$ cat my_file.cif   # mmCIF, C-alpha atoms
data_entry
#
loop_
_atom_site.label_atom_id
_atom_site.label_comp_id
_atom_site.auth_asym_id
_atom_site.auth_seq_id
_atom_site.Cartn_x
_atom_site.Cartn_y
_atom_site.Cartn_z
CA MET A 472 -16.82 -14.29 28.61
CA PRO A 473 -13.46 -14.84 26.88
CA ASP A 474 -10.71 -12.24 27.21
CA PRO A 475 -10.84 -10.16 23.99
CA SER A 476 -7.14 -9.43 24.20
CA ALA A 477 -6.11 -13.10 24.30
CA PRO A 478 -4.08 -14.02 21.22
CA HIS A 479 -5.61 -16.95 19.32
CA ARG A 480 -6.32 -18.09 15.79
CA GLY A 481 -10.05 -17.45 15.87
CA GLY A 482 -13.16 -19.48 16.64
CA ASP A 483 -13.22 -22.34 14.19
CA ALA A 484 -9.73 -21.95 12.83
CA PRO A 485 -7.59 -25.08 12.65
CA THR A 486 -4.82 -25.47 15.19
CA GLU A 487 -1.38 -24.10 14.37
CA SER A 488 -0.10 -27.41 13.02
CA GLY A 489 -3.24 -27.70 10.86
CA TRP A 490 -2.07 -24.79 8.69
CA GLY A 491 1.10 -26.57 7.59
CA PRO A 492 3.77 -24.17 6.31
CA LEU A 493 1.32 -21.28 6.71
CA SER A 494 1.55 -21.64 10.49
CA ALA A 495 5.01 -20.03 10.29
CA LEU A 496 3.34 -16.73 9.33
CA PRO A 497 2.30 -14.20 12.00
CA GLY A 498 -1.44 -13.64 12.47
CA ASN A 499 -4.20 -15.25 10.43
CA PRO A 500 -2.68 -17.46 7.68
CA LEU A 501 -5.66 -16.90 5.37
CA MET A 502 -4.97 -13.17 5.43
CA TRP A 503 -1.47 -13.92 4.13
CA VAL A 504 -2.96 -15.98 1.31
CA LEU A 505 -5.10 -12.95 0.48
CA ILE A 506 -2.10 -10.60 0.68
CA LEU A 507 -0.07 -12.79 -1.68
CA SER A 508 -3.03 -13.10 -4.07
CA GLU A 509 -3.57 -9.34 -4.12
CA MET A 510 0.13 -8.75 -4.77
CA VAL A 511 -0.01 -11.13 -7.74
CA VAL A 512 -3.19 -9.52 -9.13
CA PHE A 513 -1.83 -5.98 -8.81
CA ALA A 514 1.56 -7.04 -10.25
CA ALA A 515 -0.32 -8.34 -13.30
CA PHE A 516 -2.21 -5.04 -13.58
CA PHE A 517 1.05 -3.10 -13.24
CA GLY A 518 2.59 -5.24 -15.98
CA VAL A 519 -0.26 -4.52 -18.41
CA PHE A 520 -0.13 -0.80 -17.49
CA ALA A 521 3.62 -0.73 -18.19
CA TRP A 522 3.09 -2.55 -21.50
CA GLN A 523 0.38 -0.09 -22.55
CA ARG A 524 2.68 2.79 -21.63
CA ALA A 525 5.33 1.38 -23.98
CA LEU A 526 2.73 1.21 -26.77
CA GLU A 527 1.39 4.76 -26.23
CA ARG A 528 4.19 6.60 -24.53
CA GLU A 529 3.23 10.11 -25.67
CA VAL A 530 -0.39 9.70 -24.56
CA PHE A 531 0.71 8.34 -21.17
CA ASP A 532 3.32 11.08 -20.60
CA ALA A 533 0.93 13.90 -21.55
CA SER A 534 -1.92 12.45 -19.47
CA GLN A 535 0.27 11.77 -16.42
CA GLN A 536 1.15 15.47 -16.31
CA LEU A 537 -2.52 16.21 -15.66
CA LEU A 538 -2.37 14.33 -12.35
CA ASP A 539 -1.33 15.95 -9.08
CA PRO A 540 1.68 13.98 -7.76
CA VAL A 541 1.84 16.05 -4.57
CA LEU A 542 -1.72 15.02 -3.63
CA GLY A 543 -0.71 11.40 -4.33
CA GLY A 544 2.33 11.86 -2.07
CA ILE A 545 0.21 13.35 0.70
CA ASN A 546 -2.13 10.38 0.43
CA THR A 547 0.86 8.03 0.68
CA MET A 548 1.86 9.69 3.96
CA VAL A 549 -1.73 9.57 5.21
CA LEU A 550 -1.94 5.82 4.57
CA LEU A 551 1.50 5.13 6.09
CA THR A 552 0.50 7.00 9.24
CA SER A 553 -2.80 5.16 9.33
CA GLY A 554 -0.77 1.92 9.07
CA LEU A 555 1.28 3.01 12.10
CA PHE A 556 -1.93 3.54 14.10
CA ALA A 557 -3.17 0.10 13.02
CA ALA A 558 0.10 -1.51 14.17
CA LEU A 559 -0.17 0.35 17.50
CA ALA A 560 -3.72 -1.02 17.87
CA VAL A 561 -2.34 -4.58 17.62
CA ALA A 562 0.36 -3.75 20.19
CA ALA A 563 -2.32 -2.35 22.54
CA ILE A 564 -4.68 -5.34 22.28
CA THR A 565 -1.74 -7.71 22.82
CA GLN A 566 -1.05 -5.89 26.11
CA GLY A 567 -4.72 -6.20 27.06
CA GLN A 568 -5.41 -2.47 26.56
CA VAL A 569 -8.81 -2.69 24.89
CA VAL A 570 -9.75 1.00 25.21
CA ARG A 571 -6.40 2.15 23.82
CA CYS A 572 -6.64 -0.38 21.00
CA ARG A 573 -10.08 0.95 20.07
CA ARG A 574 -8.71 4.51 20.00
CA TRP A 575 -5.87 3.52 17.66
CA LEU A 576 -8.31 1.69 15.40
CA TRP A 577 -10.53 4.77 15.13
CA ALA A 578 -7.46 6.94 14.51
CA ALA A 579 -6.44 4.59 11.66
CA PHE A 580 -10.04 4.71 10.41
CA GLY A 581 -10.04 8.53 10.51
CA LEU A 582 -6.93 8.77 8.34
CA GLY A 583 -8.45 6.22 5.97
CA VAL A 584 -11.40 8.59 5.60
CA VAL A 585 -8.94 11.44 4.89
CA PHE A 586 -7.37 9.29 2.13
CA CYS A 587 -10.83 8.74 0.63
CA ALA A 588 -11.67 12.45 0.82
CA VAL A 589 -8.47 13.38 -1.03
CA LYS A 590 -9.16 10.70 -3.65
CA VAL A 591 -12.76 11.83 -4.14
CA TYR A 592 -11.52 15.42 -4.54
CA GLU A 593 -9.01 14.18 -7.13
CA TYR A 594 -11.66 12.20 -9.04
CA ALA A 595 -14.08 15.17 -8.97
CA ASP A 596 -11.34 17.48 -10.23
CA LYS A 597 -10.45 15.16 -13.11
CA ILE A 598 -14.05 14.42 -14.08
CA GLY A 599 -14.84 18.15 -13.85
CA ALA A 600 -12.01 18.77 -16.32
CA GLY A 601 -13.53 16.22 -18.69
CA LEU A 602 -10.96 13.52 -17.92
CA THR A 603 -13.00 10.32 -17.67
CA PRO A 604 -12.16 6.63 -18.17
CA GLU A 605 -13.15 7.09 -21.83
CA THR A 606 -10.67 9.94 -22.42
CA ASN A 607 -7.75 7.70 -23.38
CA THR A 608 -5.93 4.50 -22.39
CA PHE A 609 -4.00 6.21 -19.60
CA PHE A 610 -7.15 7.46 -17.87
CA THR A 611 -8.87 4.11 -18.34
CA TRP A 612 -5.99 2.57 -16.40
CA TYR A 613 -5.79 5.44 -13.92
CA TYR A 614 -9.43 4.96 -12.90
CA LEU A 615 -9.17 1.16 -13.01
CA LEU A 616 -6.06 0.89 -10.82
CA THR A 617 -6.86 3.66 -8.35
CA GLY A 618 -10.56 2.71 -8.32
CA PHE A 619 -9.78 -0.94 -7.55
CA HIS A 620 -7.46 0.20 -4.78
CA PHE A 621 -10.10 2.67 -3.54
CA ALA A 622 -12.59 -0.22 -3.27
CA HIS A 623 -10.05 -2.04 -1.07
CA VAL A 624 -9.70 1.07 1.12
CA LEU A 625 -13.49 1.22 1.58
CA PHE A 626 -13.60 -2.48 2.46
CA GLY A 627 -10.68 -1.99 4.87
CA LEU A 628 -12.50 0.91 6.54
CA GLY A 629 -15.52 -1.34 7.01
CA LEU A 630 -13.29 -3.99 8.59
CA LEU A 631 -11.62 -1.48 10.94
CA ALA A 632 -15.01 -0.19 12.10
CA LEU A 633 -16.30 -3.73 12.56
CA VAL A 634 -13.36 -4.86 14.70
CA ALA A 635 -13.42 -1.62 16.73
CA TRP A 636 -16.97 -2.63 17.60
CA ARG A 637 -16.43 -6.40 18.02
CA ILE A 638 -12.94 -6.22 19.44
CA SER A 639 -10.74 -9.29 19.94
CA HIS A 640 -7.06 -10.01 19.39
CA ALA A 641 -7.69 -12.21 16.34
CA ASN A 642 -10.12 -9.72 14.79
CA VAL A 643 -7.78 -6.75 15.27
CA GLU A 644 -4.77 -8.66 13.93
CA THR A 645 -6.66 -9.82 10.84
CA ALA A 646 -8.29 -6.48 9.99
CA THR A 647 -5.05 -4.53 10.45
CA ALA A 648 -3.17 -7.02 8.24
CA PHE A 649 -5.69 -6.25 5.48
CA TRP A 650 -5.17 -2.54 6.12
CA HIS A 651 -1.38 -2.90 5.77
CA MET A 652 -1.92 -4.76 2.50
CA VAL A 653 -3.94 -1.78 1.21
CA ASP A 654 -1.03 0.45 2.27
CA LEU A 655 1.49 -1.80 0.53
CA ILE A 656 -0.38 -1.77 -2.80
CA TRP A 657 -0.61 2.04 -2.75
CA ILE A 658 3.15 2.31 -2.14
CA LEU A 659 3.69 0.42 -5.43
CA LEU A 660 0.87 2.13 -7.32
CA TYR A 661 1.84 5.73 -6.52
CA PRO A 662 5.22 5.88 -8.32
CA LEU A 663 3.95 3.84 -11.28
CA VAL A 664 0.92 6.02 -12.02
CA TYR A 665 1.99 9.44 -10.72
CA LEU A 666 5.77 9.70 -10.84
CA LEU A 667 7.62 7.52 -13.38
CA ARG A 668 7.90 9.35 -16.70
CA MET B 1393 2.57 -18.65 15.08
CA ASN B 1394 2.42 -15.82 17.62
CA GLY B 1395 5.77 -14.11 17.08
CA SER B 1396 6.87 -11.17 19.18
CA LEU B 1397 5.37 -7.92 17.95
CA PRO B 1398 7.49 -4.90 17.08
CA GLY B 1399 7.71 -2.46 20.00
CA THR B 1400 6.41 1.11 19.88
CA ARG B 1401 9.94 2.45 19.35
CA ARG B 1402 10.53 0.19 16.35
CA LEU B 1403 7.13 1.12 14.88
CA LEU B 1404 7.84 4.84 15.25
CA ILE B 1405 11.31 4.53 13.71
CA THR B 1406 9.84 2.56 10.80
CA TRP B 1407 7.12 5.18 10.33
CA ALA B 1408 9.74 7.97 10.30
CA ILE B 1409 11.81 6.05 7.73
CA LEU B 1410 8.72 5.47 5.56
CA MET B 1411 7.77 9.15 5.68
CA GLY B 1412 11.36 10.19 4.88
CA LEU B 1413 11.52 7.77 1.97
CA THR B 1414 8.21 9.07 0.62
CA LEU B 1415 9.75 12.54 0.54
CA VAL B 1416 12.86 11.11 -1.18
CA THR B 1417 10.55 9.42 -3.71
CA MET B 1418 8.79 12.72 -4.42
CA LEU B 1419 12.07 14.64 -4.65
CA SER B 1420 13.68 12.08 -6.93
CA ALA B 1421 10.66 12.44 -9.24
CA ARG B 1422 11.61 16.14 -9.62
CA LEU B 1423 8.11 17.55 -9.20
CA GLY B 1424 9.06 21.23 -9.15
CA GLY B 1425 9.32 23.67 -12.08
CA ASP B 1426 9.87 22.70 -15.71
CA ALA B 1427 11.62 19.47 -14.69
CA ARG B 1428 8.16 18.07 -14.02
CA PHE B 1429 7.46 17.99 -17.74
CA GLN B 1430 10.68 16.20 -18.69
CA ALA B 1431 11.54 12.51 -18.61
CA LEU B 1432 13.31 11.48 -15.41
CA PRO B 1433 17.04 10.81 -15.55
CA LEU B 1434 17.68 7.08 -15.26
CA TRP B 1435 19.37 7.45 -11.86
CA SER B 1436 16.31 9.26 -10.60
CA ALA B 1437 13.93 6.55 -11.84
CA ALA B 1438 16.21 3.90 -10.28
CA LEU B 1439 16.27 5.75 -6.94
CA LEU B 1440 12.49 6.06 -7.05
CA LEU B 1441 12.06 2.30 -7.57
CA ALA B 1442 14.70 1.46 -4.94
CA THR B 1443 13.00 3.59 -2.27
CA THR B 1444 9.63 2.10 -3.22
CA GLY B 1445 11.04 -1.42 -2.82
CA PHE B 1446 12.55 -0.59 0.56
CA LYS B 1447 9.25 0.90 1.74
CA VAL B 1448 7.32 -2.23 0.74
CA HIS B 1449 9.94 -4.36 2.52
CA ARG B 1450 9.58 -2.31 5.73
CA VAL B 1451 5.79 -2.56 5.68
CA LEU B 1452 6.03 -6.33 5.23
CA MET B 1453 8.70 -6.88 7.87
CA VAL B 1454 7.58 -4.42 10.57
CA TYR B 1455 3.94 -3.38 10.12
CA LEU B 1456 2.93 -6.90 9.04
CA ASN B 1457 5.60 -8.43 11.32
CA LEU B 1458 6.83 -10.87 8.67
CA ARG B 1459 10.31 -10.64 10.27
CA VAL B 1460 9.29 -13.30 12.83
CA SER B 1461 8.46 -15.79 10.07
CA THR B 1462 10.73 -18.33 8.40
CA PRO B 1463 13.39 -17.33 5.84
CA ALA B 1464 11.35 -19.11 3.15
CA TRP B 1465 8.28 -16.89 3.67
CA LYS B 1466 10.40 -13.77 3.98
CA GLY B 1467 12.20 -14.76 0.78
CA LEU B 1468 8.94 -15.41 -1.06
CA PHE B 1469 7.47 -12.01 -0.22
CA THR B 1470 10.75 -10.24 -0.92
CA ALA B 1471 10.96 -12.04 -4.28
CA MET B 1472 7.36 -11.06 -5.03
CA THR B 1473 8.20 -7.42 -4.30
CA LEU B 1474 11.33 -7.55 -6.48
CA ALA B 1475 9.38 -9.22 -9.30
CA THR B 1476 6.74 -6.48 -9.18
CA LEU B 1477 9.40 -3.75 -9.23
CA THR B 1478 11.20 -5.52 -12.09
CA ILE B 1479 7.94 -5.56 -14.09
CA ILE B 1480 7.44 -1.84 -13.42
CA GLY B 1481 11.08 -1.03 -14.20
CA ALA B 1482 11.17 -3.15 -17.37
CA GLY B 1483 7.97 -1.54 -18.63
CA TYR B 1484 9.40 1.89 -17.91
CA LEU B 1485 12.63 1.14 -19.80
CA MET B 1486 10.69 -0.38 -22.70
CA ALA B 1487 8.57 2.78 -22.97
CA ARG B 1488 11.64 4.95 -22.64
CA PHE B 1489 13.76 3.29 -25.31
CA THR B 1490 11.27 1.83 -27.75
CA GLY B 1491 8.18 4.03 -27.33
#

$ encode --input "my_file.cif" --output "structure tokens"
Amino acid sequence: MPDPSAPHRGGDAPTESGWGPLSALPGNPLMWVLILSEMVVFAAFFGVFAWQRALEREVFDASQQLLDPVLGGINTMVLLTSGLFAALAVAAITQGQVVRCRRWLWAAFGLGVVFCAVKVYEYADKIGAGLTPETNTFFTWYYLLTGFHFAHVLFGLGLLALVAWRISHANVETATAFWHMVDLIWILLYPLVYLLR
Amino acid sequence: MNGSLPGTRRLLITWAILMGLTLVTMLSARLGGDARFQALPLWSAALLLATTGFKVHRVLMVYLNLRVSTPAWKGLFTAMTLATLTIIGAGYLMARFTG
């Protein structure tokens, strides 16, 4: 049975030289392609959001004040801490500490669940107050941007659980890279939607 | 490429910086009292975007370990971050002065 902590590029992955310039990136090169793609997609969304804000400034300002920026800030800290645990999981598997790695992965997973719980509370609060995607342009974008990000969080949680079960260096490195990407998008999304006014 | 991973100490320092900057972001957005209902001063909006950019940079370089990559890749992702922040900042200024 192969050593799960051995660093490698994964079963059928091409050799390092086979990735061309991508081989200069740490971890799975395809994950970096995904990260770059997601950054481009979210940058486009942010651009349209900013443009809509310029067109309907009063609606956006009034609607933004109905959000809870402190809850958003708490969720930022939750995700950043979860990211730390994910990075510690990679460090552990690199040192061959499978049990410790699994613990860090579940710790990262647990904080991801906390993020989701806070977000669900926020959605329930807004919907309970009659603020739905149909309310106005701001809330259409609020649900679209945060909902799209939320879908990424759920997918990332699935990945973390999967690699905690089927643990290997390549799996842990790839899943945690996705998790950091989710973190990175939220860092950009939080000030745009909750804070800038 | 299997570059050297950041050590536990570096990860913890980065985490502490990220948490501190999140607090700075929240403070610069002036969330307390009546100030919450007023437009941010420009310096405050600029500080908010600068701390956000630095946080993204830290996550890329340390959590994602991009620091071990080539200058070209580091430059590309840094440029992508700056472009995104420029889009956000330009949209904000457009709303502020033409909206």

$ closest_atom_pairs --input "my_file.cif" --of "chain B" --to "chain A" --cutoff "7 Å" --atoms "only C-alpha atoms" --output "CSV"
residue,atom,partner,partner_atom,distance
B:Met1393,CA,A:Pro497,CA,5.4
B:Asn1394,CA,A:Pro497,CA,5.9
B:Gly1395,CA,A:Pro497,CA,6.2
B:Leu1397,CA,A:Ala562,CA,6.9
B:Leu1403,CA,A:Leu555,CA,6.7
B:Trp1407,CA,A:Leu555,CA,6.5
B:Met1411,CA,A:Met548,CA,6.2
B:Met1418,CA,A:Gly544,CA,6.9
B:Ala1421,CA,A:Leu666,CA,5.8
B:Phe1429,CA,A:Gln536,CA,6.9
B:Ala1431,CA,A:Arg668,CA,5.2
B:Leu1432,CA,A:Arg668,CA,6.0
B:Ala1437,CA,A:Leu667,CA,6.6
B:Thr1444,CA,A:Leu659,CA,6.6
B:Val1448,CA,A:Leu655,CA,5.8
B:Val1451,CA,A:Leu655,CA,6.8
B:Tyr1455,CA,A:Ala558,CA,5.9
B:Leu1456,CA,A:Ala648,CA,6.2
B:Asn1457,CA,A:Pro497,CA,6.7
B:Leu1458,CA,A:Pro497,CA,6.5
B:Ser1461,CA,A:Leu496,CA,5.3
B:Thr1462,CA,A:Ala495,CA,6.3
B:Thr1476,CA,A:Ala514,CA,5.3
B:Ile1479,CA,A:Gly518,CA,5.7
B:Ile1480,CA,A:Ala521,CA,6.2
B:Gly1483,CA,A:Ala521,CA,4.4
B:Tyr1484,CA,A:Ala521,CA,6.4
B:Met1486,CA,A:Ala525,CA,5.8
B:Ala1487,CA,A:Ala525,CA,3.7
B:Gly1491,CA,A:Ala525,CA,5.1

$ atom_distance --input "my_file.cif" --atom1 "CA of Ala635 (chain A)" --atom2 "CA of Val569 (chain A)"
9.4 Å

$ residues_around --input "my_file.cif" --residues "Ser1420 (chain B)" --least-positions-apart "3" --cutoff "10 Å" --atoms "only C-alpha atoms" --output "PyMOL selection string"
(chain A and resi 666-667) or (chain B and resi 1414-1417+1423+1432-1433+1435-1441+1443)

$ write_last_selection --input "my_file.cif" --atoms "C-alpha atoms" --output "PDB file, keeping the file's coordinate frame"
ATOM      1  CA  LEU A 666       5.770   9.700 -10.840  1.00  0.00           C
ATOM      2  CA  LEU A 667       7.620   7.520 -13.380  1.00  0.00           C
TER       3      LEU A 667
ATOM      4  CA  THR B1414       8.210   9.070   0.620  1.00  0.00           C
ATOM      5  CA  LEU B1415       9.750  12.540   0.540  1.00  0.00           C
ATOM      6  CA  VAL B1416      12.860  11.110  -1.180  1.00  0.00           C
ATOM      7  CA  THR B1417      10.550   9.420  -3.710  1.00  0.00           C
ATOM      8  CA  LEU B1423       8.110  17.550  -9.200  1.00  0.00           C
ATOM      9  CA  LEU B1432      13.310  11.480 -15.410  1.00  0.00           C
ATOM     10  CA  PRO B1433      17.040  10.810 -15.550  1.00  0.00           C
ATOM     11  CA  TRP B1435      19.370   7.450 -11.860  1.00  0.00           C
ATOM     12  CA  SER B1436      16.310   9.260 -10.600  1.00  0.00           C
ATOM     13  CA  ALA B1437      13.930   6.550 -11.840  1.00  0.00           C
ATOM     14  CA  ALA B1438      16.210   3.900 -10.280  1.00  0.00           C
ATOM     15  CA  LEU B1439      16.270   5.750  -6.940  1.00  0.00           C
ATOM     16  CA  LEU B1440      12.490   6.060  -7.050  1.00  0.00           C
ATOM     17  CA  LEU B1441      12.060   2.300  -7.570  1.00  0.00           C
ATOM     18  CA  THR B1443      13.000   3.590  -2.270  1.00  0.00           C
TER      19      THR B1443
END

$ atom_distance --input "my_file.cif" --atom1 "CA of Phe1469 (chain B)" --atom2 "CA of Tyr613 (chain A)"
25.8 Å

$ closest_residue --input "my_file.cif" --among "B:Leu1419, B:Ala1442, B:Val1454, B:Thr1473" --to "Thr1406 (chain B)" --atoms "all atoms listed in the file"
B:Val1454

$ atom_distance --input "my_file.cif" --atom1 "CA of Leu1452 (chain B)" --atom2 "CA of Val504 (chain A)"
13.8 Å

$ axis_aligned_box --input "my_file.cif" --around "region 563-582 of chain A" --padding-each-side "5 Å" --output "JSON"
{"center_x": -5.8, "center_y": 0.5, "center_z": 17.7, "size_x": 19.5, "size_y": 26.5, "size_z": 28.7}

$ closest_residue --input "my_file.cif" --among "A:Phe619, A:Tyr592, A:Thr608, A:Cys572" --to "Asn546 (chain A)" --atoms "all atoms listed in the file"
A:Tyr592
